[in-house]
Structure formats: structure tokens, C-alpha cells
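Report on the following structure.
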Amino acid sequence: MTDTPMRTQPADWATDQEVRWCPGCGDYSILTAMRMLMPELEVDRENTVFISGIGCAARFPYYMNTYGMHGIHGRAPAIATGLAMARPDLDIWVIGGDGDMMSIGGNHLIHALRRNVNIKILLFNNMIYGLTKGQFSPTSEVGKVTKSSPMGSLDAPFNPVSVALGAEASFVARTHDMDRQHMMDMFRRAHAHKGTSIVEVFQNCNVFNDGAWEGITKKANRDANLISLEHGKPIRFGADHELGVIVENGAAKVVSVADVGEAAVLVHDETKTDPSTAFMLSRLSSGPFEPTPVGVFRAVERIEYATSSTSQLAMAHNEKGSGDLESLLRSRGTWQV
Amino acid sequence: MTDTAPRELPLQELNEVIIRFAGDSGDGMQLTGDQFTSISAALGNDLATLPEFPAEIRAPQGTLAGVSAFQVRISDFAITTPGDAPTVLVAMNPAALKAQLHNVVQGGAIIINSDAFTERNLEKAGYESNPLEDGSLDGYRCYPVAMSQITRDAVAVHGVKPRDAERSKNFFALGLISWMYTRPVEPTMEFISTKFHGREQVIQANEAAFQAGYNFGETAELFESHYEIKPAPLPSGEYTNVTGNTALAWGCVAAGQLARLPIFLGSYPITPASDILHDLSALKHFGVRTFQAEDEIAAAASAVGAAFGGALAFTTTSGPGVALKGETLGLAVSLELPMVVIDIQRGGPSTGLPTKPEQADLMMAMYGRHSESPMPIVAPRSPADCFDAAIEACRIALRYRTPVMLLSDGYLATSSEPWLLPDIDSLPDIGVDFQRGFNGTNEDGEGIFLPYLRDPETLARPWAIPGTPDLMHRVGGIEKEDETGNISYDPDNHQKMVELRAAKINAIEVPDAEIAGDADASFCILGWGSTWGAIDATVARLQEAGHKVAHVHLRNLNPMPKDLGEVLARFEKVICPEMNDGQLVNLIRAKFLLDIKAVNKMNGVPFTTGEIEAAALAAIEAS
């Protein structure tokens, strides 16, 4: 009889806490995807940590039977960085919304991406502030009418994938809450990546911004507007794959394949060292009304932060031997009285 | 007129001297002062130092803004302050003289680099006439020395260009002062060859300059005598000269060993705390992991994350950083995780005076988080005491599962004193246990983990770290139910939790109030932090003058010693000198209804013994 580790079941990853998201919230399907994925990853609950800031998305840790911290608004990537450095043995997931991650937390987000700490960041983007009841967010479109913008928002929005690529992120992906399998695939890829992974999830807030992503994610619209990126494959979409992506004049562009020929269609390469092409792809779409790429934009190998930190500790140990307190206190010179 | 035979200059014995080296930022006054301090320490004098840094890295040469000074007091008796006023000023340029003259005692000695007193430099310093000529220095013993010229001549033989020779003139000054106070030559020669190792010409130039200064004192007929200060009767043992920041860094390392925990520091550079980050960053062979965060908030947040993972976590900063960290520290209070926050206080508000000390963050340490968010506070009283204070702060953090504020200041951080090295084996074991198993049962009798079930004695909750099987749980900043830690908005529960968190802090075991001086006096001086040295010296002076005076100095500011109210109530009059506008006085008044008198100073300069003595005499006379 082979000794196989006992696999957990999705139910083992649920807690006894009543889930308090609004009925119909997109977060439910993300939670389900995560609970179904965990047994497949064959990881232990006690070695898994979910860290969040504040917001609806940030309630996530309470619903996963792992170690978890519901922290303060925007600071989850920084908290997670400290944990990752102190405990490189753990699987650390960081969950936040577009407000938590891109507004108050924007600074911590870009630095975590730059450093390449081994944390998996999931950004639930619903283009609104849900928990505080409906103000516009850094990803809301210009002109969005909300309680704090009765005449329409003046803010130009961020594109989280573009920001992540600009912040040197080594793994950048995008998915949406209406395709469980795709979410599981993206989270699986994020988990396997060594370094900071960020996955933007188009998520529906049915109370304050219902249907905001439907132009892309609704089944009827996917053929026209959902571009699925797959490494090594030509970037094509449409009911008959009749549309494709090329690069022209320094920008990605949607064309009819028939017009340019199959050979001209851009072949997606996640592993390109230079993020420029990935960035161009992220600029294809200005919003959920036109063809928008999902999938893994970039997955490159980069030195992971906590690993480097540990190496330095080991190097210092080799060079100077184990630290001796008695010597340390005498290291600036002593004299006898 | 000079004779060739060596003169027999009278050698005068002094009990102490207070020397202030002052020059342009680029003149090496800190190095000079440091080295003189080192030599004197090795000779067995007691000493205390007071560096004065400008805020700019390099202000325009020759200006008042660029003056950098280093004061050192050496003595043949035990001392606790760097002295109220220098008796000797070494002024390397007009700006140094202008900035520092008012500090010097009447009749004090002023050794001046006369070469620097050019028209241009006088103008830059704001002089309308030359003080060397206009009689303004008549009340002092003035010794003009052509330091730049003599240094240039001395180093020329080593091929040093005149412009570069200027950089060795601080060693000339050091040589001269070393001769004046009969300090040995060898230690400095050794220091020069070590510090400038690999730069032969620099070593030769500096050695030559130092020797030239020494010889100048001996042969030039400028000084009436030279001086000797015998060793002080310090307790025997092995000593090192340590600054407050270094002692803090070492205390953190010691605490990690005493607790058998890996150390994590999340920090963002800020004057005057950056040195602690530097020191700890160089101790990786102790397993110390330092993280230079993107900002102050990330620094504290990373420490919270590391504490959650089971590290002994620190964050170091100054006032502005503590202000930024407020919300994060509130999270640590609510999560009840161990963590030490080190605040090296400096002049404020806002950017304030980055290089000047102040003690005005006490109220922020007590109340600087929204809502009822109590945090223990520990304050060292001298540079060497920072070592023990760090260990004490860690002891409290670990045992009671709470963030702790350690309040030092820029004065303690950068000044130094001889430190009798402790016996490592006698340091306390401050280790605590991680939670390993269940601590409760459910209705079915199965084992469960209750993250907020408290220890009956300490009221601390268990520290169950990720990786521990079966104890998976979630913590957060939202109010939580007693024992289970589940989110709870229940009114009675919130009341209970606020009270429990307060009770936990109030129940922290701290030593009773210690009374120095005359315990039966009717007059008492109460202090905390860096005023200790000056208050201690004041007590000695008052006692010598026939007064009875007690001195209570608080190491633990929250909670305070349990008997403090009763102890202070015994005195007819209590004064409290603080480098702020009245903060401890207000805490004492609020807590004990005692009308103690505030003695406040907010000029970025530590209290002198004379200032506290004057306030004490005024209080004694008034009663």
C-alpha cells in the first residue's frame, strides 16, 4: 500500500462562520473556487495564511479554515511581507479589493510587487467601494455617478494589470468571477509561482455596481470581448477565432485574422523578460465594453525576496560565525578598571 | 626668544574639564571628540558626552548653520552629565566661535584656529569686526593658534596638497588638546592607522598633524600650564563606552537570545533613530532580519506580520513615525501581539528639530491611538540604561502579548558614557511558550482552540503561530468576543473587552518606586527619561548645600509603579522637570490628584544641572 498524504476536501477549508456577503455577491464564487482549489494543491491548512485589509473582499480570511488576519485598510501587503520574511515556510495569500489595494494600499502594493516577496495577491476589482456603501474607487470609470460624485467622478481610473506590470511584478494574471475553472487555474498558477503573484479578479458587486463587468464576463458577450491569453498560442478570440491581436505602431490592436493572415497574429509569451508586450496587451481595453485580455500576462523567474534575505543571513553566519553576545558588547573596545 | 631646552611647565591636577570641540560640519569635530573620549575612557576617567549635530548634511562652508560641536566632560569622580557649560572651547572657525561662545564659562579657555579668521569667514559668520581684535573675548583666556598653517607645513613633507591638508587640522587640534590634558599619544596613532587603513598618505598626514599639535603645545610659549585628570573611582570591571542607540541595538539582540526567538526589525530611516537600523542590519550573523520598508506604516505593519509568525518584532522611529504608525499600533493592541516600538524623541511639532532632543511624545505614547488603546511605556534614563530598557520592553511585550513603546530621545541616542559590562548569565530569561494544543472543548467534548482565552494571572491570550497543527484561527481588528475571538458587536462584550485590555496593561508587574537621595525629605524631584543625569547631579549639589532632597525617576510610565501615588503623596513639594510643555505632570495629576509642579523646557537642549538646581531652590524657598 502506497503512503499517500490524506487529501483534504473543500469542506475542510470552510469555517463555522456564517458568510456575510450580500446574497448574489461575486465573492461567493471566488470563495468556492478557492475552497475547491486547496485540496488540489495538496497543502496543509496550518501552513496557509490569508491576510487582508479592509473591505468586503477583506472578509475572506474569516471564511477559510487556515490561519488568517483581517488587518487594517491598505496595509495587507506590508503585513504579509513581514510574515513572509519571518516565516518563508508558509503559503501566504493576500486578499483585497480595488479600494484597499489601489487607493490607500497602492504604495504597499507596488513595493511588494517590486520586491518579489513570496505572497499571492488577489485583487477583487468591482470598480466601487462596497463596504462603505457605494463611493467611486480608483478603478471606477470617469463620470461614474455615486454618493460622493453626484455629478460624476473626475478621476481617471487605474488599470491594475498595467500598474502591476509597471511595478516590476513577476507574475500578473487576470480572471473573473463567472468562470470558476478559470479562477482555479489562475490561482493555481499564482500559487506555483515563486515570488509575488498578483491576480486581478473582475468581481461583481450586485448591490452598488451590478453588472459592471457584464460586457466582458456574461456568456453572451465573451466571444466578442473576452480574449483568453495562453502561453505559446496565437492570441485569437471570437466565436470562430476570427479575431486576433497584433502589435502595430507600438500598441496592441485587435484585427480580423483574415485581413492579416494567421502568421501575423501575436503569439503570447508569458516568459518575456521585458514586460513591454504584456503592458501593450493590458492597454488593449479601456473598459468592460471592448475586447479585454484575461489569463496570465506575465510569469517570469525573479529572485524571491525572503530567499535573498535568508541567504544573506547564511552568508553572514559563514563569514562571521554564529553571533556571540559577549563579543558584540566588547566590539567597540573595552578597558579594565 | 624661544630657548632650545624643553621647558618645565607646571602640571596642574584638575578634578574635571568640560571641552567643547566646534567647527564646520566638514571639519571632523565628531571624530575628534570621539577619539578624545576614547583615550580618556581608557585612562579611567569617568566621562559623558554631548554631540550637537546640524540638521543639514553639509551646510555652506563657514556658516552658522554648518557648525557641528562635540562636548565631552572627563573627571576623576563619578559624573552623570556632560556638564552645564564648557570650560574649554576649541573653535575651528569664526562661525563655531559665534555659535558657541555664549555657552563657555566666564574665564574659560578658547583655543582658536586663527588662520580661519579671514574677512570672508568673518562675514559668513555674521561678524562685523574681528573678535580676536575687538576686545570681545577679553573675559576669556584666548589662545589663537595658526592651526591650518602649521598643519599644512607638517603634512607638506608627505606630499599632501594645501587644500587637502586642511582636512587634517582636526588631528592637529586633537594633538594639542591631548598634550594639554596629558593624554597618551599611542592610542591615537593606532586609531589613525586602523581607521584610514589602506590610505597611506592620509595616515601619514593625520599622524603628522596630530604630532604637530602635540609638539606645538609642548614647545610654543602659549600655555601657562598643562593638566592632569586622574582616573575616577569607578567600580572595577570591564567597561566599554556606549551611546544610547548602540545600547538599544545590543539590548534588542540580547532580548532575542534571552527569549530564544528570531529578531525581526521593520524600519524606515529617520533621524535620530536610523543608527539602530544600521547597527541591526550589520548583525545578520545573529539571525537578525532587518527590513527597510517603503514607509513608516509599512515598517510597523511588517513587524505586526512578523509577530503573528512568532518573531520578536521591533520597529524603530522618531516622533513623526510614531504619529504615522498610530493605526497600525492600534491593530497590534487589538490583536494582542508582542512587539516593541522604539521612539527616539526629537524636537517637534512636524519636522521640528530632527537633531535636537525633546521629551514631548509621552502623551502620544499614552494616547496616540484612537479609542481606548492602552500600551505599556518604558523609558531608559541614560545611554547605558538603554540596554536594560530594551530587555524590559521585550519582557513586557512577550509576557503580556502587547505592543510596547520604548521612549528614548536624541540626547541619549547620541551621547555616550562608560558602561560596566553586565554578566550575561545574570540577565533575565524572558522566554514565553507558543500555544501548542487546544485550550477548550466544544459541546461535543471535542478539543477546540480559543484564541482569546486569557491566562488568569497575566490576562494574556495564547500566542498560537501559523504552522501549528489544529490551531487554525483568524484574528482581526474588529472587536472580538471574549475567549472565542469571533467578531462581536455585542454591547456588553465590547465593554468587557475594553476593560480587559485596560486591566491587562494595568496588571503588568513593574518594580515599586525607587527613591534616590533622602527618602525622608519633604521635597522631591520626579523625572523620567534623559533628565536623570542632571537631576542626579542636582541632588548631589543640593545635599552638599545642606538640603534634603529625594529623587524618583520613572522607568515604567505605563503602568506606573503601583505605590507611586502613595510615595509622591509623602512629599510636601514635588517638581517635575521635563523637556516638554508638561506631560508627566499631567498624567500624575490625572491619576493621583497630586499638584506637582512642572519645570518645563522646550529649546532642544538638555536641562543643565544649574537649571534644575535653580528650579529646586526656588521651590524649596517658596515652601
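In the C-alpha cells, chains take the letters A, B, ... in the order shown, each chain's residues start at 1, and ligands count up from 1 in the order shown.
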
**OP:** Please return, as a ChimeraX atom specification, all residues of chain B lying within 8 Å of chain A when only C-alpha atoms are considered.
**Re:** /B:41-42,44,234-241,250,253-254,264,266,283-289,294,297-299,301-311,327-328,331,421,424,466-477

Now that the selection is made, can you save its residues with C-alpha atoms as a short mmCIF file (atom, residue, chain, number, x, y, z; two decimals), in the first residue's frame?
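As written to disk, again_30.cif reads:
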data_model
loop_
_atom_site.label_atom_id
_atom_site.label_comp_id
_atom_site.auth_asym_id
_atom_site.auth_seq_id
_atom_site.Cartn_x
_atom_site.Cartn_y
_atom_site.Cartn_z
CA ALA B 41 37.93 56.36 28.87
CA ALA B 42 40.91 54.07 28.52
CA GLY B 44 40.00 55.53 33.57
CA LEU B 234 34.57 53.58 39.29
CA PRO B 235 33.52 50.06 40.31
CA SER B 236 36.08 47.65 39.00
CA GLY B 237 35.30 45.56 35.98
CA GLU B 238 35.35 45.65 32.22
CA TYR B 239 33.97 48.79 30.58
CA THR B 240 33.04 49.95 27.13
CA ASN B 241 31.97 53.44 26.05
CA TRP B 250 22.54 45.47 21.58
CA VAL B 253 19.88 41.38 20.24
CA ALA B 254 20.27 40.29 23.86
CA PHE B 264 12.69 40.99 13.01
CA GLY B 266 10.81 46.68 10.21
CA LEU B 283 24.17 41.74 12.77
CA LYS B 284 22.80 39.17 10.36
CA HIS B 285 25.12 36.56 11.86
CA PHE B 286 22.91 36.81 14.95
CA GLY B 287 19.96 35.79 12.78
CA VAL B 288 18.60 39.34 12.90
CA ARG B 289 16.38 40.02 9.93
CA GLU B 294 8.82 51.75 1.96
CA ILE B 297 3.45 52.46 8.26
CA ALA B 298 4.83 49.50 6.30
CA ALA B 299 7.65 49.29 8.83
CA ALA B 301 2.84 46.64 9.62
CA SER B 302 5.67 44.29 8.69
CA ALA B 303 6.53 43.97 12.38
CA VAL B 304 2.90 43.01 13.10
CA GLY B 305 3.12 40.34 10.39
CA ALA B 306 6.39 39.03 11.76
CA ALA B 307 4.97 38.92 15.30
CA PHE B 308 1.98 36.99 14.01
CA GLY B 309 4.51 34.49 12.66
CA GLY B 310 6.32 34.17 16.01
CA ALA B 311 9.27 36.52 15.71
CA GLU B 327 -3.49 52.93 13.34
CA THR B 328 -1.10 50.02 12.94
CA LEU B 331 -4.23 46.92 15.36
CA LEU B 421 29.58 45.30 31.03
CA ILE B 424 25.27 37.88 30.53
CA PRO B 466 0.92 29.64 11.83
CA GLY B 467 2.34 26.20 11.17
CA THR B 468 0.93 24.81 14.41
CA PRO B 469 -1.48 21.96 13.53
CA ASP B 470 -5.13 22.15 14.65
CA LEU B 471 -4.97 25.68 15.99
CA MET B 472 -6.02 27.47 12.80
CA HIS B 473 -7.81 30.68 13.69
CA ARG B 474 -8.42 34.15 12.35
CA VAL B 475 -7.64 37.41 14.16
CA GLY B 476 -8.59 40.89 13.18
CA GLY B 477 -9.06 44.49 14.21
#

Original post:
Where in range 246-428 of chain B does DSSP assign strand (DSSP E), given as a ChimeraX atom specification?
Top reply: /B:263-267,289-292,312-317,339-345,377-378,403-409,416-420

**OP:** Find the spatial neighbours of Gly368 in chain B, counting only C-alpha atoms, within a cut-off of 8 Å - ignore same-chain residues fewer than 4 positions away - and output them as a list in words.
**Re:**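 In the requested form, the answer reads Ala323, Gly326, Met363 and Met364 of chain B.
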
**OP:** Taking the chain letters and numbering used in this document, name the residues of range 473-605 of chain B that DSSP puts in alpha helix (DSSP H), as a VMD selection string.
**Re:** chain B and resid 491 to 506 532 to 544 564 to 569 584 to 592

Limited to N, CA and C atoms, could you put the picked residues into a file as a CSV table (one decimal), in the first residue's frame?
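So result-v1.csv came out as:
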chain,number,residue,atom,x,y,z
B,491,PRO,N,-22.9,44.8,22.7
B,491,PRO,CA,-22.5,46.0,23.6
B,491,PRO,C,-21.8,45.5,24.9
B,492,ASP,N,-22.4,44.5,25.5
B,492,ASP,CA,-21.7,44.1,26.8
B,492,ASP,C,-20.3,43.5,26.5
B,493,ASN,N,-20.2,42.8,25.4
B,493,ASN,CA,-18.9,42.3,25.1
B,493,ASN,C,-17.9,43.3,24.9
B,494,HIS,N,-18.2,44.4,24.1
B,494,HIS,CA,-17.3,45.5,23.9
B,494,HIS,C,-16.8,46.1,25.2
B,495,GLN,N,-17.8,46.4,26.0
B,495,GLN,CA,-17.5,47.0,27.3
B,495,GLN,C,-16.5,46.1,28.0
B,496,LYS,N,-16.7,44.8,28.0
B,496,LYS,CA,-15.9,43.9,28.7
B,496,LYS,C,-14.5,43.8,28.1
B,497,MET,N,-14.4,43.8,26.8
B,497,MET,CA,-13.1,43.7,26.1
B,497,MET,C,-12.3,45.0,26.4
B,498,VAL,N,-12.9,46.1,26.3
B,498,VAL,CA,-12.2,47.4,26.6
B,498,VAL,C,-11.6,47.3,28.0
B,499,GLU,N,-12.4,46.8,28.9
B,499,GLU,CA,-12.0,46.8,30.3
B,499,GLU,C,-10.9,45.7,30.5
B,500,LEU,N,-11.0,44.6,29.8
B,500,LEU,CA,-10.0,43.6,29.9
B,500,LEU,C,-8.6,44.0,29.4
B,501,ARG,N,-8.7,44.7,28.2
B,501,ARG,CA,-7.4,45.2,27.6
B,501,ARG,C,-6.8,46.2,28.6
B,502,ALA,N,-7.6,47.1,29.2
B,502,ALA,CA,-7.0,48.0,30.2
B,502,ALA,C,-6.5,47.3,31.4
B,503,ALA,N,-7.2,46.3,31.9
B,503,ALA,CA,-6.8,45.6,33.1
B,503,ALA,C,-5.5,44.8,32.8
B,504,LYS,N,-5.4,44.3,31.6
B,504,LYS,CA,-4.1,43.6,31.3
B,504,LYS,C,-2.9,44.5,31.4
B,505,ILE,N,-3.0,45.7,30.9
B,505,ILE,CA,-1.9,46.6,31.0
B,505,ILE,C,-1.7,47.0,32.4
B,506,ASN,N,-2.7,47.4,33.1
B,506,ASN,CA,-2.6,47.8,34.5
B,506,ASN,C,-2.0,46.8,35.4
B,532,TRP,N,17.5,62.2,33.9
B,532,TRP,CA,18.1,61.5,35.1
B,532,TRP,C,19.4,62.1,35.5
B,533,GLY,N,20.3,62.2,34.6
B,533,GLY,CA,21.7,62.6,34.9
B,533,GLY,C,21.7,64.0,35.5
B,534,ALA,N,21.0,64.9,35.0
B,534,ALA,CA,21.0,66.3,35.5
B,534,ALA,C,20.3,66.3,36.9
B,535,ILE,N,19.3,65.6,37.0
B,535,ILE,CA,18.6,65.6,38.3
B,535,ILE,C,19.5,65.0,39.4
B,536,ASP,N,20.1,63.9,39.0
B,536,ASP,CA,21.0,63.2,40.0
B,536,ASP,C,22.1,64.1,40.4
B,537,ALA,N,22.7,64.9,39.5
B,537,ALA,CA,23.8,65.8,39.8
B,537,ALA,C,23.2,67.0,40.7
B,538,THR,N,22.0,67.4,40.4
B,538,THR,CA,21.3,68.4,41.2
B,538,THR,C,21.2,68.0,42.6
B,539,VAL,N,20.7,66.7,42.8
B,539,VAL,CA,20.5,66.2,44.2
B,539,VAL,C,21.8,66.3,44.9
B,540,ALA,N,22.9,65.9,44.3
B,540,ALA,CA,24.2,65.9,45.0
B,540,ALA,C,24.6,67.4,45.4
B,541,ARG,N,24.4,68.3,44.5
B,541,ARG,CA,24.7,69.7,44.8
B,541,ARG,C,23.8,70.2,46.0
B,542,LEU,N,22.5,69.9,45.9
B,542,LEU,CA,21.6,70.4,47.0
B,542,LEU,C,22.0,69.8,48.3
B,543,GLN,N,22.3,68.5,48.3
B,543,GLN,CA,22.7,67.8,49.5
B,543,GLN,C,24.0,68.5,50.1
B,544,GLU,N,24.9,68.8,49.2
B,544,GLU,CA,26.2,69.4,49.6
B,544,GLU,C,25.9,70.8,50.3
B,564,LEU,N,3.3,54.4,43.5
B,564,LEU,CA,3.8,55.7,43.2
B,564,LEU,C,3.0,56.8,43.8
B,565,GLY,N,1.7,56.7,43.7
B,565,GLY,CA,0.8,57.7,44.3
B,565,GLY,C,1.1,57.9,45.7
B,566,GLU,N,1.2,56.8,46.4
B,566,GLU,CA,1.4,56.9,47.9
B,566,GLU,C,2.8,57.5,48.2
B,567,VAL,N,3.8,57.1,47.4
B,567,VAL,CA,5.2,57.6,47.6
B,567,VAL,C,5.2,59.1,47.4
B,568,LEU,N,4.6,59.6,46.3
B,568,LEU,CA,4.7,61.0,46.0
B,568,LEU,C,3.9,61.8,47.0
B,569,ALA,N,2.9,61.2,47.5
B,569,ALA,CA,2.0,62.0,48.4
B,569,ALA,C,2.7,62.3,49.8
B,584,LEU,N,4.3,64.5,31.8
B,584,LEU,CA,4.2,63.6,33.0
B,584,LEU,C,3.4,64.2,34.1
B,585,VAL,N,3.6,65.5,34.3
B,585,VAL,CA,2.9,66.2,35.4
B,585,VAL,C,1.4,66.0,35.2
B,586,ASN,N,0.9,66.1,33.9
B,586,ASN,CA,-0.5,66.0,33.7
B,586,ASN,C,-1.0,64.5,33.9
B,587,LEU,N,-0.1,63.6,33.6
B,587,LEU,CA,-0.5,62.2,33.9
B,587,LEU,C,-0.6,61.9,35.4
B,588,ILE,N,0.4,62.5,36.1
B,588,ILE,CA,0.4,62.3,37.6
B,588,ILE,C,-0.8,63.0,38.2
B,589,ARG,N,-1.1,64.2,37.7
B,589,ARG,CA,-2.3,64.9,38.3
B,589,ARG,C,-3.6,64.2,38.0
B,590,ALA,N,-3.7,63.7,36.8
B,590,ALA,CA,-4.9,63.0,36.4
B,590,ALA,C,-5.1,61.7,37.2
B,591,LYS,N,-4.0,61.0,37.4
B,591,LYS,CA,-4.1,59.7,38.1
B,591,LYS,C,-4.1,59.7,39.6
B,592,PHE,N,-3.4,60.7,40.2
B,592,PHE,CA,-3.2,60.7,41.6
B,592,PHE,C,-3.8,61.9,42.3

Original post:
Between B:Asn439, B:Ser530, B:Thr351, B:Thr80, which has the minimum distance to Trp419 in chain B (counting only C-alpha atoms)?
Top reply: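 Going through B:Asn439, B:Ser530, B:Thr351, B:Thr80 one by one, the smallest distance to Trp419 in chain B is for B:Thr80.
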
**OP:** Skip Val378 in chain B itself and residues of its chain fewer than 6 positions away, then list as an NGL selection string all residues within 7 Å of it, counting only C-alpha atoms.
**Re:** :B and (389 or 393 or 405-407 or 555-557)

Original post:
Excluding same-chain residues fewer than 2 positions from Phe237 in chain A, what lies within 6 Å of it counting only C-alpha atoms, as an MDAnalysis selection string?
Top reply: chainID A and resid 227 241 243

Atoms to include: N, CA and C atoms. Write the selected residues as a PDB file, in the first residue's frame.
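Output (again.pdb):
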ATOM      1  N   ILE A 227     -10.746  37.993 -24.310  1.00  0.00           N
ATOM      2  CA  ILE A 227      -9.577  37.438 -25.002  1.00  0.00           C
ATOM      3  C   ILE A 227      -8.828  36.576 -23.999  1.00  0.00           C
ATOM      4  N   HIS A 241     -12.883  32.187 -33.693  1.00  0.00           N
ATOM      5  CA  HIS A 241     -11.495  32.654 -33.601  1.00  0.00           C
ATOM      6  C   HIS A 241     -11.123  33.532 -34.786  1.00  0.00           C
ATOM      7  N   LEU A 243     -11.010  36.748 -34.787  1.00  0.00           N
ATOM      8  CA  LEU A 243     -10.306  37.967 -34.404  1.00  0.00           C
ATOM      9  C   LEU A 243      -8.958  37.608 -33.763  1.00  0.00           C
TER      10      LEU A 243
END

Subject >> Nearest-residue call for Val294 in chain A, choices A:Ala252, A:Val201, A:Met151, A:Val245, using only C-alpha atoms >> reply: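 Answer, going by the shortest atom-to-atom distance: A:Val201.
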
**OP:** Pick out the closest residue to Ile229 in chain B from this set: B:Phe191, B:Phe77, B:Phe70, B:Phe291. Count only C-alpha atoms.
**Re:** B:Phe77

**OP:** Write out as a PyMOL selection string the residues lying within 8 Å of range 257-261 of chain A, counting only C-alpha atoms and excluding same-chain residues fewer than 3 positions away.
**Re:** chain A and resi 242-244+264-265

Emit the selected residues as a short mmCIF file (atom, residue, chain, number, x, y, z; two decimals), in the first residue's frame, including N, CA and C atoms.
data_model
loop_
_atom_site.label_atom_id
_atom_site.label_comp_id
_atom_site.auth_asym_id
_atom_site.auth_seq_id
_atom_site.Cartn_x
_atom_site.Cartn_y
_atom_site.Cartn_z
N GLU A 242 -12.08 34.31 -35.19
CA GLU A 242 -11.86 35.11 -36.38
C GLU A 242 -11.10 36.40 -36.08
N LEU A 243 -11.01 36.75 -34.79
CA LEU A 243 -10.31 37.97 -34.40
C LEU A 243 -8.96 37.61 -33.76
N GLY A 244 -8.00 38.50 -33.95
CA GLY A 244 -6.68 38.25 -33.38
C GLY A 244 -6.04 39.54 -32.91
N ALA A 264 0.58 36.36 -38.86
CA ALA A 264 0.84 37.70 -38.32
C ALA A 264 0.33 37.88 -36.90
N VAL A 265 -0.51 36.95 -36.47
CA VAL A 265 -1.11 37.12 -35.14
C VAL A 265 -0.04 36.92 -34.06
#

**OP:** Pick out the residues sitting within 12 Å of Gly166 in chain A, and hand them over as a list in words; count only C-alpha atoms, and ignore anything fewer than 3 positions along from it in its own chain.
**Re:**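 With the cut-off at 12 Å, the set is Leu109, Ile110, His111, Leu113, Arg114, Phe158, Asn159, Pro160, Val161, Ser162, Val163, Ala169, Ser170, Phe171, Val172, Asp274, Pro275, Ser276, Thr277, Ala278, Phe279, Met280, Ser282 and Arg298 of chain A.
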
Original post:
Which is closer to Thr307 in chain A than all the others in A:Cys25, A:Val117, A:Leu165, A:Leu41, using only C-alpha atoms?
Top reply: A:Val117
